[in-house]
>>> print(open('protein.cif').read())   # mmCIF, C-alpha atoms
data_work
#
loop_
_atom_site.label_atom_id
_atom_site.label_comp_id
_atom_site.auth_asym_id
_atom_site.auth_seq_id
_atom_site.Cartn_x
_atom_site.Cartn_y
_atom_site.Cartn_z
CA MET B 1 0.00 0.00 0.00
CA SER B 2 2.73 2.49 0.93
CA ARG B 3 4.53 1.72 -2.36
CA ILE B 4 1.40 2.62 -4.33
CA LEU B 5 1.09 5.94 -2.52
CA SER B 6 4.78 6.60 -2.98
CA GLU B 7 4.51 6.15 -6.75
CA ILE B 8 1.47 8.42 -6.97
CA SER B 9 3.00 11.03 -4.70
CA LYS B 10 6.27 11.03 -6.65
CA SER B 11 4.52 11.70 -9.93
CA SER B 12 2.15 14.27 -8.46
CA ARG B 13 5.09 16.19 -7.02
CA SER B 14 7.18 16.44 -10.15
CA LYS B 15 5.21 16.03 -13.36
CA ASN B 16 1.86 17.77 -13.19
CA VAL B 17 1.20 19.60 -16.44
CA CYS B 18 -1.78 21.36 -14.87
CA GLU B 19 -3.75 21.05 -11.67
CA ASP B 20 -6.34 18.79 -13.31
CA ILE B 21 -3.98 16.18 -14.79
CA THR B 22 -1.21 14.01 -13.34
CA VAL B 23 1.37 12.67 -15.79
CA PHE B 24 3.39 9.47 -15.32
CA SER B 25 6.58 8.30 -16.94
CA ASP B 26 6.53 4.86 -18.57
CA ALA B 27 8.41 3.38 -15.62
CA GLU B 28 6.14 5.01 -13.02
CA PHE B 29 3.01 3.85 -14.79
CA SER B 30 4.31 0.31 -15.21
CA GLU B 31 5.13 0.07 -11.51
CA LEU B 32 1.82 1.61 -10.44
CA ASN B 33 -0.15 -0.72 -12.72
CA HIS B 34 1.61 -3.74 -11.21
CA LEU B 35 1.05 -2.59 -7.62
CA ILE B 36 -2.63 -1.77 -8.17
CA GLU B 37 -3.25 -5.17 -9.77
CA GLU B 38 -1.80 -6.86 -6.68
CA TYR B 39 -3.63 -4.59 -4.27
CA ILE B 40 -7.17 -5.02 -5.60
CA HIS B 41 -6.86 -8.80 -5.24
CA SER B 42 -5.57 -8.62 -1.66
CA LYS B 43 -7.71 -9.73 1.27
CA GLN B 44 -7.17 -6.34 2.89
CA PHE B 45 -8.74 -4.48 -0.02
CA ILE B 46 -11.53 -6.96 -0.80
CA GLU B 47 -12.64 -7.11 2.82
CA GLY B 48 -12.24 -3.38 3.45
CA SER B 49 -14.12 -2.23 0.36
CA PHE B 50 -16.93 -4.71 1.02
CA PHE B 51 -17.16 -3.46 4.62
CA VAL B 52 -17.52 0.21 3.64
CA GLU B 53 -20.09 -0.53 0.94
CA GLU B 54 -22.11 -2.63 3.37
CA MET B 55 -22.04 0.16 5.95
CA SER B 56 -23.46 2.65 3.46
CA ASN B 57 -26.17 0.17 2.50
CA GLY B 58 -27.36 -0.46 6.05
CA ASP B 59 -25.66 -3.80 6.78
CA SER B 60 -29.09 -5.42 6.98
CA GLU B 61 -27.62 -8.93 7.13
CA GLY B 62 -24.95 -8.04 9.68
CA ARG B 63 -22.02 -8.96 7.45
CA ALA B 64 -20.07 -5.76 8.11
CA LYS B 65 -20.60 -6.21 11.83
CA ARG B 66 -19.22 -9.76 11.70
CA ILE B 67 -16.15 -8.65 9.75
CA TYR B 68 -15.45 -5.81 12.17
CA LEU B 69 -15.80 -7.88 15.33
CA ASP B 70 -13.90 -10.85 13.91
CA ARG B 71 -10.98 -8.65 12.89
CA LEU B 72 -10.86 -6.90 16.25
CA GLY B 73 -11.26 -10.19 18.13
CA LYS B 74 -13.96 -8.90 20.45
CA SER B 75 -15.64 -11.30 22.84
CA ARG B 76 -19.33 -12.04 22.52
CA VAL B 77 -19.96 -10.22 25.80
CA MET B 78 -18.38 -7.00 24.52
CA SER B 79 -19.39 -7.23 20.86
CA SER B 80 -22.77 -5.45 21.00
CA MET B 81 -21.32 -2.52 22.92
CA LYS B 82 -18.28 -2.18 20.66
CA TRP B 83 -20.33 -2.33 17.48
CA ALA B 84 -22.83 0.21 18.81
CA ASP B 85 -19.92 2.51 19.68
CA PHE B 86 -18.52 2.18 16.16
CA GLU B 87 -21.88 2.93 14.51
CA THR B 88 -22.49 5.93 16.77
CA ARG B 89 -18.99 7.29 16.14
CA LEU B 90 -19.47 6.85 12.38
CA GLY B 91 -22.85 8.56 12.47
CA SER B 92 -24.95 5.67 11.20
CA SER B 93 -26.71 5.26 14.54
CA ASP B 94 -28.32 7.83 16.82
CA SER B 95 -28.66 5.46 19.74
CA THR B 96 -28.43 7.13 23.14
CA THR B 97 -28.09 4.09 25.38
CA SER B 98 -27.31 5.32 28.88
CA TYR B 99 -24.00 3.47 29.30
CA ARG B 100 -22.53 5.00 26.16
CA ARG B 101 -20.77 8.34 26.09
CA THR B 102 -19.69 7.95 22.48
CA GLU B 103 -20.38 10.84 20.12
CA ARG B 104 -20.34 11.18 16.35
CA MET B 105 -16.84 11.91 15.02
CA GLU B 106 -16.61 15.56 14.00
CA ASN B 107 -15.18 16.58 10.64
CA ASP B 108 -12.19 18.46 12.10
CA TYR B 109 -11.09 15.43 14.10
CA PHE B 110 -11.47 13.20 11.05
CA ARG B 111 -9.42 15.62 8.90
CA ASN B 112 -6.63 15.56 11.48
CA LEU B 113 -6.52 11.75 11.47
CA GLU B 114 -6.58 11.66 7.67
CA SER B 115 -3.68 14.11 7.40
CA ARG B 116 -1.66 12.08 9.91
CA LEU B 117 -2.32 8.87 8.02
CA LEU B 118 -1.34 10.28 4.63
CA ARG B 119 1.89 11.70 6.03
CA SER B 120 2.73 8.40 7.71
CA CYS B 121 2.24 6.65 4.35
CA GLY B 122 4.83 8.90 2.72
CA VAL B 123 2.43 11.14 0.81
CA ASN B 124 4.07 14.52 0.32
CA ALA B 125 2.64 17.69 1.86
CA ASN B 126 1.25 19.13 -1.39
CA VAL B 127 -0.65 15.96 -2.24
CA THR B 128 -1.91 15.64 1.35
CA GLU B 129 -3.23 19.20 1.19
CA LEU B 130 -4.91 18.47 -2.15
CA VAL B 131 -6.58 15.32 -0.78
CA ILE B 132 -7.92 17.15 2.27
CA SER B 133 -9.22 20.05 0.18
CA MET B 134 -11.11 17.67 -2.12
CA ILE B 135 -12.55 15.81 0.86
CA ASP B 136 -13.82 19.13 2.23
CA LEU B 137 -15.74 19.72 -1.00
CA GLN B 138 -17.65 16.47 -0.47
CA ASN B 139 -18.76 17.05 3.14
CA LYS B 140 -22.48 17.01 2.34
CA GLN B 141 -22.27 13.76 0.37
CA ILE B 142 -20.03 12.17 2.99
CA ASP B 143 -22.52 13.04 5.73
CA GLU B 144 -25.28 11.43 3.66
CA LEU B 145 -23.23 8.24 3.34
CA ARG B 146 -22.40 8.21 7.04
CA SER B 147 -26.06 8.50 7.97
CA ARG B 148 -27.12 6.01 5.25
CA ARG B 149 -29.17 8.57 3.36
CA ARG B 150 -26.94 7.82 0.37
CA GLN B 151 -25.57 4.42 -0.67
CA LEU B 152 -22.50 3.17 -2.49
CA ARG B 153 -23.13 0.74 -5.31
CA ARG B 154 -21.45 -2.57 -4.56
CA GLY B 155 -18.21 -2.90 -6.46
CA PHE B 156 -17.83 0.85 -6.89
CA ILE B 157 -14.80 1.17 -4.60
CA LYS B 158 -12.85 -1.33 -6.71
CA GLU B 159 -13.70 0.71 -9.79
CA ILE B 160 -12.34 3.87 -8.14
CA VAL B 161 -8.94 2.30 -7.58
CA PHE B 162 -8.60 0.22 -10.73
CA ASN B 163 -10.51 1.92 -13.56
CA PRO B 164 -8.24 4.97 -14.06
CA ILE B 165 -5.22 2.68 -14.42
CA ARG B 166 -7.04 0.14 -16.58
CA SER B 167 -8.44 2.81 -18.89
CA LEU B 168 -5.03 4.35 -19.48
CA ARG B 169 -3.39 0.93 -19.91
CA ASP B 170 -6.00 -0.16 -22.46
CA LYS B 171 -5.63 3.10 -24.35
CA PHE B 172 -1.86 2.72 -24.40
CA GLU B 173 -1.89 -0.93 -25.49
CA SER B 174 -4.47 -0.46 -28.25
CA SER B 175 -2.90 2.63 -29.79
CA THR B 176 -1.00 2.06 -33.05
CA ASN B 177 0.87 5.28 -32.43
CA LYS B 178 1.79 5.04 -28.76
CA ILE B 179 0.30 7.89 -26.77
CA SER B 180 2.93 10.43 -25.86
CA ARG B 181 1.74 11.15 -22.33
CA LEU B 182 0.48 8.80 -19.65
CA GLU B 183 -1.94 11.02 -17.79
CA ILE B 184 -4.80 10.51 -15.34
CA PRO B 185 -7.30 13.14 -14.12
CA THR B 186 -5.99 14.28 -10.75
CA GLN B 187 -9.41 14.08 -9.12
CA LYS B 188 -9.70 10.39 -10.00
CA LEU B 189 -6.21 9.86 -8.65
CA VAL B 190 -7.11 11.58 -5.38
CA GLY B 191 -10.12 9.29 -5.03
CA ALA B 192 -7.82 6.29 -5.41
CA ILE B 193 -5.25 7.71 -2.96
CA THR B 194 -7.95 8.18 -0.34
CA VAL B 195 -9.20 4.61 -0.65
CA VAL B 196 -5.76 3.00 -0.75
CA SER B 197 -4.48 4.85 2.31
CA ASP B 198 -7.41 3.92 4.51
CA THR B 199 -8.00 0.21 4.04
CA SER B 200 -4.90 -0.37 6.17
CA VAL B 201 -6.49 1.13 9.30
CA LEU B 202 -10.12 -0.02 9.03
CA PHE B 203 -9.76 -2.78 11.60
CA THR B 204 -7.23 -1.39 14.06
CA THR B 205 -8.81 0.88 16.70
CA ARG B 206 -12.33 2.26 16.79
CA ASP B 207 -11.42 5.81 15.79
CA TRP B 208 -9.02 4.75 13.05
CA GLY B 209 -11.69 2.38 11.78
CA VAL B 210 -14.26 5.16 11.71
CA ALA B 211 -11.83 7.55 10.03
CA GLY B 212 -10.89 4.90 7.48
CA THR B 213 -14.55 4.26 6.69
CA ILE B 214 -15.32 7.97 6.30
CA SER B 215 -12.26 8.52 4.13
CA THR B 216 -13.09 5.60 1.84
CA MET B 217 -16.58 7.06 1.45
CA ALA B 218 -14.95 10.40 0.67
CA GLY B 219 -12.75 8.81 -1.98
CA ALA B 220 -15.84 7.34 -3.60
CA MET B 221 -17.52 10.74 -3.76
CA ILE B 222 -14.39 12.48 -5.08
CA ALA B 223 -14.04 9.93 -7.87
CA ALA B 224 -17.76 9.96 -8.63
CA THR B 225 -17.70 13.69 -9.37
CA ALA B 226 -14.54 13.55 -11.52
CA GLN B 227 -14.91 14.35 -15.19
#
>>> encode(input="protein.cif", output="structure tokens")
Amino acid sequence: MSRILSEISKSSRSKNVCEDITVFSDAEFSELNHLIEEYIHSKQFIEGSFFVEEMSNGDSEGRAKRIYLDRLGKSRVMSSMKWADFETRLGSSDSTTSYRRTERMENDYFRNLESRLLRSCGVNANVTELVISMIDLQNKQIDELRSRRRQLRRGFIKEIVFNPIRSLRDKFESSTNKISRLEIPTQKLVGAITVVSDTSVLFTTRDWGVAGTISTMAGAMIAATAQ
């Protein structure tokens, strides 16, 4: 995961031809294509993307809950409380059970966690700032996903990460006159960065899990509005 972000960050730092397009060298694109192919078939990504999509769709069959509790290794006695805390912190539940003092995670706190995570993954400061600014533009849509007033189509998160690379690869391989520039819309790239960075923390602690879920939702909205 960190190698994917490193490749994206390296290209974004040095080869932007304009703020809307990120250009890759042949070597950078080849490496990124290889890493993305591996990543989308990993258990971490498959499980994480399924989890976030289920959360936005209401988790009516409890599959997201089972994944979360299994990964955290919570006992049966503690599981209901821990899951209720997670849902409340995410904003998908408004339960006010008396024993719980958990509150919905505020946007400023989430942004701080997201910035810390991106920096720890080796994403440079300019790209981190760009990611956060694009997340801020999607606050309304993110809130709708958190509260389950908007849903993510199943399989959409995989498309966010893979489709920009696949589209460029197919265009390159089918061209009789090889395209001179390997470029991807920056907004689509930011959507992918956001998803890739956060699947690593979904099942660590409660707050990192909530932040990872919110950020993956944000990546989906950023990519969905890209031209």
>>> closest_atom_pairs(input="protein.cif", of="stretch 18-135 of chain B", to="stretch 148-165 of chain B", cutoff="10 Å", atoms="only C-alpha atoms", output="Markdown table")
| residue | atom | partner | partner_atom | distance |
| --- | --- | --- | --- | --- |
| B:Phe29 | CA | B:Ile165 | CA | 8.3 |
| B:Ser30 | CA | B:Ile165 | CA | 9.9 |
| B:Leu32 | CA | B:Ile165 | CA | 8.2 |
| B:Asn33 | CA | B:Ile165 | CA | 6.3 |
| B:His34 | CA | B:Ile165 | CA | 9.9 |
| B:Ile36 | CA | B:Phe162 | CA | 6.8 |
| B:Glu37 | CA | B:Phe162 | CA | 7.7 |
| B:Tyr39 | CA | B:Val161 | CA | 9.3 |
| B:Ile40 | CA | B:Lys158 | CA | 6.9 |
| B:His41 | CA | B:Lys158 | CA | 9.7 |
| B:Phe45 | CA | B:Lys158 | CA | 8.5 |
| B:Ile46 | CA | B:Lys158 | CA | 8.3 |
| B:Gly48 | CA | B:Ile157 | CA | 9.6 |
| B:Ser49 | CA | B:Ile157 | CA | 6.1 |
| B:Phe50 | CA | B:Arg154 | CA | 7.5 |
| B:Val52 | CA | B:Leu152 | CA | 8.4 |
| B:Glu53 | CA | B:Leu152 | CA | 5.6 |
| B:Glu54 | CA | B:Arg154 | CA | 8.0 |
| B:Met55 | CA | B:Arg148 | CA | 7.8 |
| B:Ser56 | CA | B:Gln151 | CA | 5.0 |
| B:Asn57 | CA | B:Gln151 | CA | 5.3 |
| B:Gly58 | CA | B:Arg148 | CA | 6.5 |
| B:Gly91 | CA | B:Arg148 | CA | 8.8 |
| B:Ser92 | CA | B:Arg148 | CA | 6.3 |
| B:Ser93 | CA | B:Arg148 | CA | 9.3 |
>>> residues_around(input="protein.cif", residues="B:Trp83", least_positions_apart="4", cutoff="7 Å", atoms="all atoms listed in the file", output="list of chain:residue names")
B:Lys65, B:Ser79, B:Glu87
>>> closest_atom_pairs(input="protein.cif", of="stretch 119-190 of chain B", to="stretch 213-216 of chain B", cutoff="10 Å", atoms="only C-alpha atoms", output="JSON lines")
{"residue": "B:Ile132", "atom": "CA", "partner": "B:Ser215", "partner_atom": "CA", "distance": 9.8}
{"residue": "B:Ile135", "atom": "CA", "partner": "B:Ser215", "partner_atom": "CA", "distance": 8.0}
{"residue": "B:Ile142", "atom": "CA", "partner": "B:Ile214", "partner_atom": "CA", "distance": 7.1}
{"residue": "B:Asp143", "atom": "CA", "partner": "B:Ile214", "partner_atom": "CA", "distance": 8.8}
{"residue": "B:Leu145", "atom": "CA", "partner": "B:Ile214", "partner_atom": "CA", "distance": 8.5}
{"residue": "B:Arg146", "atom": "CA", "partner": "B:Ile214", "partner_atom": "CA", "distance": 7.1}
{"residue": "B:Ile157", "atom": "CA", "partner": "B:Thr216", "partner_atom": "CA", "distance": 8.0}
>>> closest_residue(input="protein.cif", among="B:Ala84, B:Arg116, B:Gly212, B:Phe51", to="B:Thr199", atoms="only C-alpha atoms")
B:Gly212
>>> closest_residue(input="protein.cif", among="B:Thr128, B:Gln138, B:Ser147, B:Asn112", to="B:Trp208", atoms="all atoms listed in the file")
B:Asn112
>>> axis_aligned_box(input="protein.cif", around="stretch 155-166 of chain B", padding_each_side="8 Å", output="AutoDock Vina command-line options")
--center_x -11.7 --center_y 1.0 --center_z -10.6 --size_x 29.0 --size_y 23.9 --size_z 28.0
>>> closest_residue(input="protein.cif", among="B:Met217, B:Leu189, B:Ala64, B:Val201", to="B:Val127", atoms="only C-alpha atoms")
B:Leu189
>>> resolve_selection(input="protein.cif", expression="the PyMOL selection byres ((chain B and resi 224) around 10)", output="list of chain:residue names")
B:Phe156, B:Ile160, B:Gln187, B:Lys188, B:Gly191, B:Ala218, B:Gly219, B:Ala220, B:Met221, B:Ile222, B:Ala223, B:Thr225, B:Ala226, B:Gln227
>>> closest_residue(input="protein.cif", among="B:Leu69, B:Val195, B:Val210, B:Asn124", to="B:Glu103", atoms="only C-alpha atoms")
B:Val210
>>> atom_distance(input="protein.cif", atom1="atom CA of B:Phe86", atom2="atom CA of B:Gln44")
19.4 Å
>>> atom_distance(input="protein.cif", atom1="atom CA of B:Asp198", atom2="atom CA of B:Asp20")
23.2 Å
>>> residues_near_point(input="protein.cif", point="(-4.1, 9.0, 11.3)", cutoff="12 Å", atoms="all atoms listed in the file", output="VMD selection string")
chain B and resid 109 to 121 197 to 198 200 to 202 204 to 212 215
